[in-house]
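Text of work_11.txt (compact mmCIF, C-alpha atoms) as supplied:
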```txt
# COMPACT_ATOMS: atom_id res chain seq x y z
CA MET G 1 -30.05 15.83 -1.68
CA GLU G 2 -28.24 18.46 0.40
CA ASN G 3 -28.89 16.65 3.70
CA GLN G 4 -27.69 13.36 2.25
CA LEU G 5 -24.45 14.84 0.95
CA SER G 6 -23.88 16.66 4.20
CA ALA G 7 -24.25 13.35 6.10
CA LEU G 8 -21.78 11.71 3.74
CA HIS G 9 -19.29 14.52 4.21
CA LYS G 10 -19.67 14.20 7.98
CA PHE G 11 -18.93 10.48 7.72
CA VAL G 12 -15.78 11.19 5.70
CA GLU G 13 -14.64 13.76 8.28
CA THR G 14 -15.46 11.89 11.46
CA ARG G 15 -15.47 8.21 10.34
CA ASN G 16 -18.50 7.87 12.62
CA PRO G 17 -20.63 5.15 10.97
CA GLU G 18 -23.86 6.68 12.34
CA HIS G 19 -23.73 9.38 9.66
CA LEU G 20 -23.52 6.71 6.98
CA GLU G 21 -26.10 4.39 8.53
CA ALA G 22 -28.72 7.16 8.51
CA LEU G 23 -28.28 7.42 4.73
CA LEU G 24 -28.85 3.78 3.81
CA ALA G 25 -32.17 2.11 3.03
CA ASP G 26 -32.66 -1.25 4.76
CA ASP G 27 -32.59 -3.05 1.41
CA VAL G 28 -29.68 -1.08 -0.13
CA LYS G 29 -27.62 -2.92 -2.73
CA PHE G 30 -23.86 -2.44 -2.68
CA HIS G 31 -21.81 -2.99 -5.86
CA SER G 32 -18.12 -3.31 -5.07
CA PRO G 33 -15.21 -2.61 -7.42
CA PHE G 34 -14.01 -6.18 -6.88
CA VAL G 35 -16.89 -8.54 -7.57
CA TRP G 36 -19.89 -8.47 -9.87
CA LYS G 37 -22.48 -9.79 -7.41
CA PRO G 38 -23.97 -7.05 -5.21
CA LYS G 39 -24.08 -7.32 -1.44
CA GLU G 40 -27.60 -6.79 -0.15
CA GLY G 41 -28.80 -5.01 2.95
CA LYS G 42 -27.79 -2.20 5.25
CA GLU G 43 -25.63 -4.23 7.63
CA ILE G 44 -23.14 -5.65 5.11
CA THR G 45 -23.09 -2.41 3.11
CA LEU G 46 -22.25 -0.41 6.23
CA ALA G 47 -19.56 -2.88 7.29
CA THR G 48 -17.98 -2.80 3.83
CA LEU G 49 -18.06 0.98 3.47
CA THR G 50 -16.64 1.64 6.92
CA THR G 51 -13.88 -0.88 6.24
CA VAL G 52 -12.94 0.65 2.89
CA ALA G 53 -13.00 4.11 4.49
CA SER G 54 -10.39 2.87 6.96
CA VAL G 55 -8.14 1.79 4.08
CA PHE G 56 -8.09 5.15 2.26
CA GLU G 57 -5.65 7.84 3.33
CA GLU G 58 -6.22 11.55 2.64
CA PHE G 59 -9.68 10.81 1.21
CA ARG G 60 -11.45 13.81 -0.28
CA TYR G 61 -14.28 14.38 -2.73
CA ILE G 62 -13.14 16.29 -5.83
CA ARG G 63 -16.31 16.41 -7.98
CA GLU G 64 -20.04 16.08 -7.35
CA VAL G 65 -22.41 15.37 -10.22
CA ILE G 66 -26.02 15.44 -9.06
CA ASP G 67 -29.06 14.76 -11.23
CA GLY G 68 -32.44 14.00 -9.67
CA LYS G 69 -32.24 10.87 -7.55
CA ASN G 70 -28.75 9.92 -8.74
CA CYS G 71 -25.51 11.40 -7.58
CA VAL G 72 -21.95 10.61 -8.48
CA LEU G 73 -19.28 11.69 -6.02
CA GLU G 74 -15.75 11.43 -7.31
CA PHE G 75 -12.98 11.11 -4.76
CA GLU G 76 -9.24 11.14 -4.65
CA ALA G 77 -7.33 9.21 -2.00
CA ARG G 78 -4.01 7.60 -1.29
CA ILE G 79 -3.01 4.07 -0.28
CA GLY G 80 0.66 3.83 0.59
CA VAL G 81 2.59 5.46 -2.23
CA LEU G 82 -0.28 5.16 -4.72
CA THR G 83 -2.82 7.86 -5.56
CA MET G 84 -6.23 6.82 -6.80
CA ARG G 85 -9.54 8.23 -7.91
CA GLY G 86 -12.89 6.61 -7.53
CA VAL G 87 -16.61 7.22 -7.66
CA ASP G 88 -19.50 6.63 -5.30
CA ILE G 89 -22.55 6.29 -7.56
CA ILE G 90 -25.61 6.53 -5.36
CA GLU G 91 -29.31 6.24 -6.16
CA PHE G 92 -31.71 7.58 -3.54
CA ASN G 93 -35.37 6.66 -3.09
CA ASP G 94 -38.25 9.07 -2.47
CA GLU G 95 -37.50 9.00 1.26
CA GLY G 96 -33.95 10.20 0.61
CA LYS G 97 -32.35 6.86 1.51
CA ALA G 98 -29.69 5.24 -0.64
CA VAL G 99 -31.10 2.14 -2.37
CA ASP G 100 -28.14 1.51 -4.65
CA PHE G 101 -24.46 2.26 -3.86
CA GLU G 102 -21.80 1.45 -6.42
CA VAL G 103 -18.06 2.06 -6.13
CA MET G 104 -15.43 2.07 -8.88
CA ILE G 105 -11.71 2.83 -8.48
CA ARG G 106 -8.83 3.58 -10.85
CA PRO G 107 -6.02 2.97 -11.64
CA MET G 108 -5.68 -0.80 -11.50
CA ASN G 109 -2.54 -0.99 -9.32
CA ALA G 110 -4.24 1.06 -6.56
CA LEU G 111 -7.41 -1.03 -6.93
CA GLU G 112 -5.38 -4.19 -6.38
CA VAL G 113 -3.74 -2.83 -3.23
CA VAL G 114 -7.11 -1.68 -1.85
CA GLY G 115 -8.48 -5.17 -2.57
CA THR G 116 -5.68 -6.93 -0.72
CA GLU G 117 -6.04 -4.62 2.27
CA MET G 118 -9.87 -4.88 2.28
CA THR G 119 -9.76 -8.68 2.28
CA LYS G 120 -7.34 -8.64 5.22
CA ARG G 121 -9.56 -6.31 7.27
CA LEU G 122 -12.87 -7.98 6.37
CA GLU G 123 -11.39 -11.38 7.26
CA ALA G 124 -10.31 -9.98 10.62
CA LYS G 125 -13.96 -8.95 11.18
CA GLY G 126 -15.22 -12.37 10.01
CA LEU G 127 -17.01 -10.78 7.05
CA VAL G 128 -15.50 -12.84 4.20
CA MET Z 1 -25.32 18.86 -23.46
CA GLU Z 2 -27.98 17.19 -25.59
CA ASN Z 3 -25.94 17.46 -28.80
CA GLN Z 4 -22.88 16.04 -27.09
CA LEU Z 5 -24.75 13.06 -25.69
CA SER Z 6 -26.41 12.45 -29.03
CA ALA Z 7 -22.97 12.39 -30.73
CA LEU Z 8 -21.71 9.93 -28.13
CA HIS Z 9 -24.72 7.68 -28.62
CA LYS Z 10 -24.14 7.79 -32.39
CA PHE Z 11 -20.53 6.74 -31.84
CA VAL Z 12 -21.67 3.80 -29.70
CA GLU Z 13 -24.17 2.73 -32.37
CA THR Z 14 -22.04 3.19 -35.46
CA ARG Z 15 -18.45 2.91 -34.11
CA ASN Z 16 -17.69 5.75 -36.53
CA PRO Z 17 -14.87 7.74 -34.84
CA GLU Z 18 -16.00 11.00 -36.48
CA HIS Z 19 -18.86 11.28 -33.98
CA LEU Z 20 -16.39 10.99 -31.13
CA GLU Z 21 -13.75 13.24 -32.67
CA ALA Z 22 -16.24 16.10 -32.98
CA LEU Z 23 -16.76 15.92 -29.21
CA LEU Z 24 -13.14 16.21 -28.08
CA ALA Z 25 -11.21 19.41 -27.40
CA ASP Z 26 -7.73 19.47 -28.94
CA ASP Z 27 -6.15 19.46 -25.48
CA VAL Z 28 -8.47 16.85 -23.91
CA LYS Z 29 -6.99 14.79 -21.07
CA PHE Z 30 -7.82 11.09 -20.94
CA HIS Z 31 -7.65 9.20 -17.63
CA SER Z 32 -7.63 5.45 -18.18
CA PRO Z 33 -8.74 2.78 -15.70
CA PHE Z 34 -5.29 1.22 -15.95
CA VAL Z 35 -2.70 3.92 -15.28
CA TRP Z 36 -2.61 7.05 -13.18
CA LYS Z 37 -0.91 9.35 -15.68
CA PRO Z 38 -3.37 10.93 -18.13
CA LYS Z 39 -2.88 10.79 -21.88
CA GLU Z 40 -3.00 14.28 -23.40
CA GLY Z 41 -4.47 15.42 -26.68
CA LYS Z 42 -7.24 14.53 -29.09
CA GLU Z 43 -5.29 12.03 -31.19
CA ILE Z 44 -4.24 9.59 -28.46
CA THR Z 45 -7.60 9.97 -26.67
CA LEU Z 46 -9.48 9.13 -29.85
CA ALA Z 47 -7.23 6.16 -30.59
CA THR Z 48 -7.66 4.82 -27.06
CA LEU Z 49 -11.43 5.28 -26.95
CA THR Z 50 -12.02 3.69 -30.36
CA THR Z 51 -9.81 0.76 -29.34
CA VAL Z 52 -11.62 0.20 -26.05
CA ALA Z 53 -14.96 0.47 -27.88
CA SER Z 54 -13.84 -2.40 -30.11
CA VAL Z 55 -13.14 -4.55 -27.02
CA PHE Z 56 -16.58 -4.18 -25.44
CA GLU Z 57 -19.43 -6.42 -26.53
CA GLU Z 58 -23.09 -5.48 -26.12
CA PHE Z 59 -22.11 -2.02 -24.85
CA ARG Z 60 -25.00 0.11 -23.66
CA TYR Z 61 -25.46 3.13 -21.41
CA ILE Z 62 -27.64 2.38 -18.39
CA ARG Z 63 -27.57 5.68 -16.43
CA GLU Z 64 -26.86 9.30 -17.26
CA VAL Z 65 -26.09 11.78 -14.49
CA ILE Z 66 -25.75 15.28 -15.88
CA ASP Z 67 -24.90 18.38 -13.85
CA GLY Z 68 -23.73 21.58 -15.54
CA LYS Z 69 -20.51 20.94 -17.44
CA ASN Z 70 -20.00 17.48 -15.98
CA CYS Z 71 -21.70 14.33 -17.04
CA VAL Z 72 -21.32 10.76 -15.89
CA LEU Z 73 -22.50 8.06 -18.24
CA GLU Z 74 -22.66 4.61 -16.74
CA PHE Z 75 -22.45 1.67 -19.11
CA GLU Z 76 -22.83 -2.05 -18.99
CA ALA Z 77 -20.95 -4.30 -21.41
CA ARG Z 78 -19.62 -7.79 -21.82
CA ILE Z 79 -16.16 -9.17 -22.53
CA GLY Z 80 -16.20 -12.92 -23.19
CA VAL Z 81 -18.17 -14.50 -20.36
CA LEU Z 82 -17.75 -11.51 -18.03
CA THR Z 83 -20.24 -8.69 -17.51
CA MET Z 84 -18.94 -5.31 -16.39
CA ARG Z 85 -20.10 -1.82 -15.58
CA GLY Z 86 -18.15 1.34 -16.04
CA VAL Z 87 -18.41 5.10 -16.17
CA ASP Z 88 -17.40 7.76 -18.66
CA ILE Z 89 -16.90 10.91 -16.58
CA ILE Z 90 -16.73 13.83 -18.96
CA GLU Z 91 -16.12 17.53 -18.35
CA PHE Z 92 -17.08 19.86 -21.19
CA ASN Z 93 -15.79 23.41 -21.78
CA ASP Z 94 -17.89 26.45 -22.72
CA GLU Z 95 -17.67 25.46 -26.39
CA GLY Z 96 -19.22 22.07 -25.61
CA LYS Z 97 -16.00 20.12 -26.21
CA ALA Z 98 -14.78 17.47 -23.80
CA VAL Z 99 -11.67 18.69 -21.96
CA ASP Z 100 -11.46 15.82 -19.49
CA PHE Z 101 -12.51 12.21 -20.12
CA GLU Z 102 -12.11 9.65 -17.35
CA VAL Z 103 -13.05 5.97 -17.45
CA MET Z 104 -13.48 3.52 -14.57
CA ILE Z 105 -14.56 -0.12 -14.79
CA ARG Z 106 -15.72 -2.77 -12.33
CA PRO Z 107 -15.42 -5.56 -11.32
CA MET Z 108 -11.70 -6.27 -11.22
CA ASN Z 109 -11.70 -9.55 -13.20
CA ALA Z 110 -13.41 -7.85 -16.16
CA LEU Z 111 -11.06 -4.86 -15.84
CA GLU Z 112 -8.07 -7.20 -16.08
CA VAL Z 113 -9.40 -8.90 -19.21
CA VAL Z 114 -10.14 -5.52 -20.84
CA GLY Z 115 -6.57 -4.43 -19.98
CA THR Z 116 -4.98 -7.50 -21.55
CA GLU Z 117 -7.08 -7.12 -24.71
CA MET Z 118 -6.45 -3.33 -24.90
CA THR Z 119 -2.69 -3.79 -24.66
CA LYS Z 120 -2.78 -6.37 -27.44
CA ARG Z 121 -4.77 -4.09 -29.76
CA LEU Z 122 -2.86 -0.88 -28.93
CA GLU Z 123 0.43 -2.71 -29.51
CA ALA Z 124 -0.84 -3.88 -32.89
CA LYS Z 125 -1.49 -0.19 -33.72
CA GLY Z 126 1.96 0.82 -32.40
CA LEU Z 127 0.37 2.93 -29.65
CA VAL Z 128 2.08 1.43 -26.61
```
Take the structure I supplied and represent it as structure tokens, if you would.
Amino acid sequence: MENQLSALHKFVETRNPEHLEALLADDVKFHSPFVWKPKEGKEITLATLTTVASVFEEFRYIREVIDGKNCVLEFEARIGVLTMRGVDIIEFNDEGKAVDFEVMIRPMNALEVVGTEMTKRLEAKGLV
Amino acid sequence: MENQLSALHKFVETRNPEHLEALLADDVKFHSPFVWKPKEGKEITLATLTTVASVFEEFRYIREVIDGKNCVLEFEARIGVLTMRGVDIIEFNDEGKAVDFEVMIRPMNALEVVGTEMTKRLEAKGLV
């Protein structure tokens, strides 16, 4: 798990998507805070996560809860004047690749602003 | 941690607040999915958690990630026609009492419906 977390930390620091891509299984499922239906596959998951990373300001992990193949990384970040917390809930397979990646964010006002900004940026990339 | 989780499971099954009350430290902080500012103290935390429990239908825990004093319990539940997932992120002290209790919920449409219903029920109890 240490290598995986180190790759994730490198992605947060550098915003270089290669660190994130190396973590994801080809058939990873991504569960967004906005819609129930998961997005499936590495390409759309990577595009979504790199876009959301570009929306967060002062992103940092504040708590790591690791148990076997599951890890929950809690973060704190800012968007405009709003502070938020969220979790990356990640399940890894035996090869150490993420097969399930779920994100939740609180509080609701920050979630709404992140959603508006995400839609704008994903539309610009032709992804929604 | 086993006793704590067992008490929480009993609360989910029976909706008897005594199981939950026994888990909470007097100075527990509760972080809701709706507002940034935490609620402080056992009384308001208990009132909020028992109210939210009454809003969820078919509540069940689907994943437990436990690491030292922190545990993340992921749940799935229904409200009306909407399915949701959420997490209880709980930090325990050395005495095994919860000192920090944070809840996040996805997706956004379910979160909004839970919020509307929570406000209605907390208002009826004179708590907001």
Would you pick out the contacts of region 88-95 of chain Z at 8 Å or less, using only C-alpha atoms, so that residues sharing its chain but fewer than 2 positions from it are not included, and give the list as a PDB file with C-alpha atoms, keeping the file's coordinate frame?
```pdb
ATOM      1  CA  LYS Z  69     -20.510  20.940 -17.440  1.00  0.00           C
ATOM      2  CA  ASN Z  70     -20.000  17.480 -15.980  1.00  0.00           C
ATOM      3  CA  CYS Z  71     -21.700  14.330 -17.040  1.00  0.00           C
ATOM      4  CA  VAL Z  72     -21.320  10.760 -15.890  1.00  0.00           C
ATOM      5  CA  LEU Z  73     -22.500   8.060 -18.240  1.00  0.00           C
ATOM      6  CA  GLU Z  74     -22.660   4.610 -16.740  1.00  0.00           C
ATOM      7  CA  PHE Z  75     -22.450   1.670 -19.110  1.00  0.00           C
ATOM      8  CA  GLY Z  86     -18.150   1.340 -16.040  1.00  0.00           C
ATOM      9  CA  LYS Z  97     -16.000  20.120 -26.210  1.00  0.00           C
ATOM     10  CA  ALA Z  98     -14.780  17.470 -23.800  1.00  0.00           C
ATOM     11  CA  VAL Z  99     -11.670  18.690 -21.960  1.00  0.00           C
ATOM     12  CA  ASP Z 100     -11.460  15.820 -19.490  1.00  0.00           C
ATOM     13  CA  PHE Z 101     -12.510  12.210 -20.120  1.00  0.00           C
ATOM     14  CA  GLU Z 102     -12.110   9.650 -17.350  1.00  0.00           C
ATOM     15  CA  VAL Z 103     -13.050   5.970 -17.450  1.00  0.00           C
ATOM     16  CA  MET Z 104     -13.480   3.520 -14.570  1.00  0.00           C
TER      17      MET Z 104
END
```
Enumerate as a PDB file with C-alpha atoms, in the coordinates of the input the residues belonging to chain G that approach chain Z to within 6 Å, with all atoms listed in the file taken into account.
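This is the output file result-v2.pdb:
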```pdb
ATOM      1  CA  PRO G  33     -15.210  -2.610  -7.420  1.00  0.00           C
ATOM      2  CA  PHE G  34     -14.010  -6.180  -6.880  1.00  0.00           C
ATOM      3  CA  VAL G  35     -16.890  -8.540  -7.570  1.00  0.00           C
ATOM      4  CA  TRP G  36     -19.890  -8.470  -9.870  1.00  0.00           C
ATOM      5  CA  VAL G  65     -22.410  15.370 -10.220  1.00  0.00           C
ATOM      6  CA  ILE G  66     -26.020  15.440  -9.060  1.00  0.00           C
ATOM      7  CA  ASP G  67     -29.060  14.760 -11.230  1.00  0.00           C
ATOM      8  CA  MET G 104     -15.430   2.070  -8.880  1.00  0.00           C
ATOM      9  CA  ARG G 106      -8.830   3.580 -10.850  1.00  0.00           C
ATOM     10  CA  PRO G 107      -6.020   2.970 -11.640  1.00  0.00           C
ATOM     11  CA  MET G 108      -5.680  -0.800 -11.500  1.00  0.00           C
TER      12      MET G 108
END
```
Please, what distance in Å, to one decimal, runs between CA of His9 (chain Z) and CA of Val113 (chain Z)?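 Interatomic distance here is 24.5 Å.
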From (-11.3, 1.3, 6.5), in the file's coordinates, out to 10 Å: which residues are reached, counting only C-alpha atoms? Answer as number ranges by chain. G: 15, 47-57, 114, 117-118, 121-122
What are the centre and the three edge lengths of an axis-aligned box that wraps all atoms of region 38-53 of chain Z in the file, given that 8 Å is added to every side, written as AutoDock Vina command-line options and rounded to one decimal in Å?
```
--center_x -8.9 --center_y 7.8 --center_z -24.7 --size_x 28.1 --size_y 31.2 --size_z 29.1
```
From G:Val128, G:Ala22, G:Ile44, G:Val12, residue lying nearest Ala77 (chain G) [all atoms listed in the file]: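 Going through G:Val128, G:Ala22, G:Ile44, G:Val12 one by one, the smallest distance to Ala77 (chain G) is for G:Val12.
Note that the spacing between CA of Ser6 (chain G) and CA of Leu24 (chain G) amounts to 13.8 Å.
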Some atoms are absent from region 110-128 of chain Z, so rebuild N, CA and C atoms and return them as an mmCIF file, in the coordinates of the input.
```
data_model
loop_
_atom_site.group_PDB
_atom_site.id
_atom_site.type_symbol
_atom_site.label_atom_id
_atom_site.label_comp_id
_atom_site.auth_asym_id
_atom_site.auth_seq_id
_atom_site.Cartn_x
_atom_site.Cartn_y
_atom_site.Cartn_z
ATOM 1 N N ALA Z 110 -13.098 -8.364 -14.834
ATOM 2 C CA ALA Z 110 -13.410 -7.850 -16.160
ATOM 3 C C ALA Z 110 -12.399 -6.760 -16.558
ATOM 4 N N LEU Z 111 -12.052 -5.908 -15.589
ATOM 5 C CA LEU Z 111 -11.060 -4.860 -15.840
ATOM 6 C C LEU Z 111 -9.748 -5.459 -16.330
ATOM 7 N N GLU Z 112 -9.322 -6.552 -15.691
ATOM 8 C CA GLU Z 112 -8.070 -7.200 -16.080
ATOM 9 C C GLU Z 112 -8.127 -7.737 -17.506
ATOM 10 N N VAL Z 113 -9.264 -8.356 -17.856
ATOM 11 C CA VAL Z 113 -9.400 -8.900 -19.210
ATOM 12 C C VAL Z 113 -9.420 -7.775 -20.248
ATOM 13 N N VAL Z 114 -10.133 -6.678 -19.930
ATOM 14 C CA VAL Z 114 -10.140 -5.520 -20.840
ATOM 15 C C VAL Z 114 -8.714 -5.004 -21.019
ATOM 16 N N GLY Z 115 -7.959 -4.936 -19.922
ATOM 17 C CA GLY Z 115 -6.570 -4.430 -19.980
ATOM 18 C C GLY Z 115 -5.694 -5.277 -20.881
ATOM 19 N N THR Z 116 -5.783 -6.587 -20.730
ATOM 20 C CA THR Z 116 -4.980 -7.500 -21.550
ATOM 21 C C THR Z 116 -5.321 -7.320 -23.023
ATOM 22 N N GLU Z 117 -6.612 -7.248 -23.317
ATOM 23 C CA GLU Z 117 -7.080 -7.120 -24.710
ATOM 24 C C GLU Z 117 -6.706 -5.750 -25.289
ATOM 25 N N MET Z 118 -6.825 -4.695 -24.469
ATOM 26 C CA MET Z 118 -6.450 -3.330 -24.900
ATOM 27 C C MET Z 118 -4.982 -3.273 -25.279
ATOM 28 N N THR Z 119 -4.131 -3.831 -24.411
ATOM 29 C CA THR Z 119 -2.690 -3.790 -24.660
ATOM 30 C C THR Z 119 -2.368 -4.468 -25.986
ATOM 31 N N LYS Z 120 -3.000 -5.631 -26.197
ATOM 32 C CA LYS Z 120 -2.780 -6.370 -27.440
ATOM 33 C C LYS Z 120 -3.138 -5.499 -28.657
ATOM 34 N N ARG Z 121 -4.301 -4.854 -28.588
ATOM 35 C CA ARG Z 121 -4.770 -4.090 -29.760
ATOM 36 C C ARG Z 121 -4.002 -2.784 -29.940
ATOM 37 N N LEU Z 122 -3.627 -2.128 -28.814
ATOM 38 C CA LEU Z 122 -2.860 -0.880 -28.930
ATOM 39 C C LEU Z 122 -1.445 -1.174 -29.441
ATOM 40 N N GLU Z 123 -0.887 -2.310 -29.009
ATOM 41 C CA GLU Z 123 0.430 -2.710 -29.510
ATOM 42 C C GLU Z 123 0.390 -2.948 -31.006
ATOM 43 N N ALA Z 124 -0.690 -3.601 -31.457
ATOM 44 C CA ALA Z 124 -0.840 -3.880 -32.890
ATOM 45 C C ALA Z 124 -0.904 -2.571 -33.697
ATOM 46 N N LYS Z 125 -1.426 -1.499 -33.047
ATOM 47 C CA LYS Z 125 -1.490 -0.190 -33.720
ATOM 48 C C LYS Z 125 -0.233 0.651 -33.455
ATOM 49 N N GLY Z 126 0.726 0.081 -32.712
ATOM 50 C CA GLY Z 126 1.960 0.820 -32.400
ATOM 51 C C GLY Z 126 1.751 1.947 -31.408
ATOM 52 N N LEU Z 127 0.705 1.822 -30.567
ATOM 53 C CA LEU Z 127 0.370 2.930 -29.650
ATOM 54 C C LEU Z 127 0.862 2.725 -28.216
ATOM 55 N N VAL Z 128 1.442 1.573 -27.931
ATOM 56 C CA VAL Z 128 2.080 1.430 -26.610
ATOM 57 C C VAL Z 128 3.493 0.874 -26.764
#
```
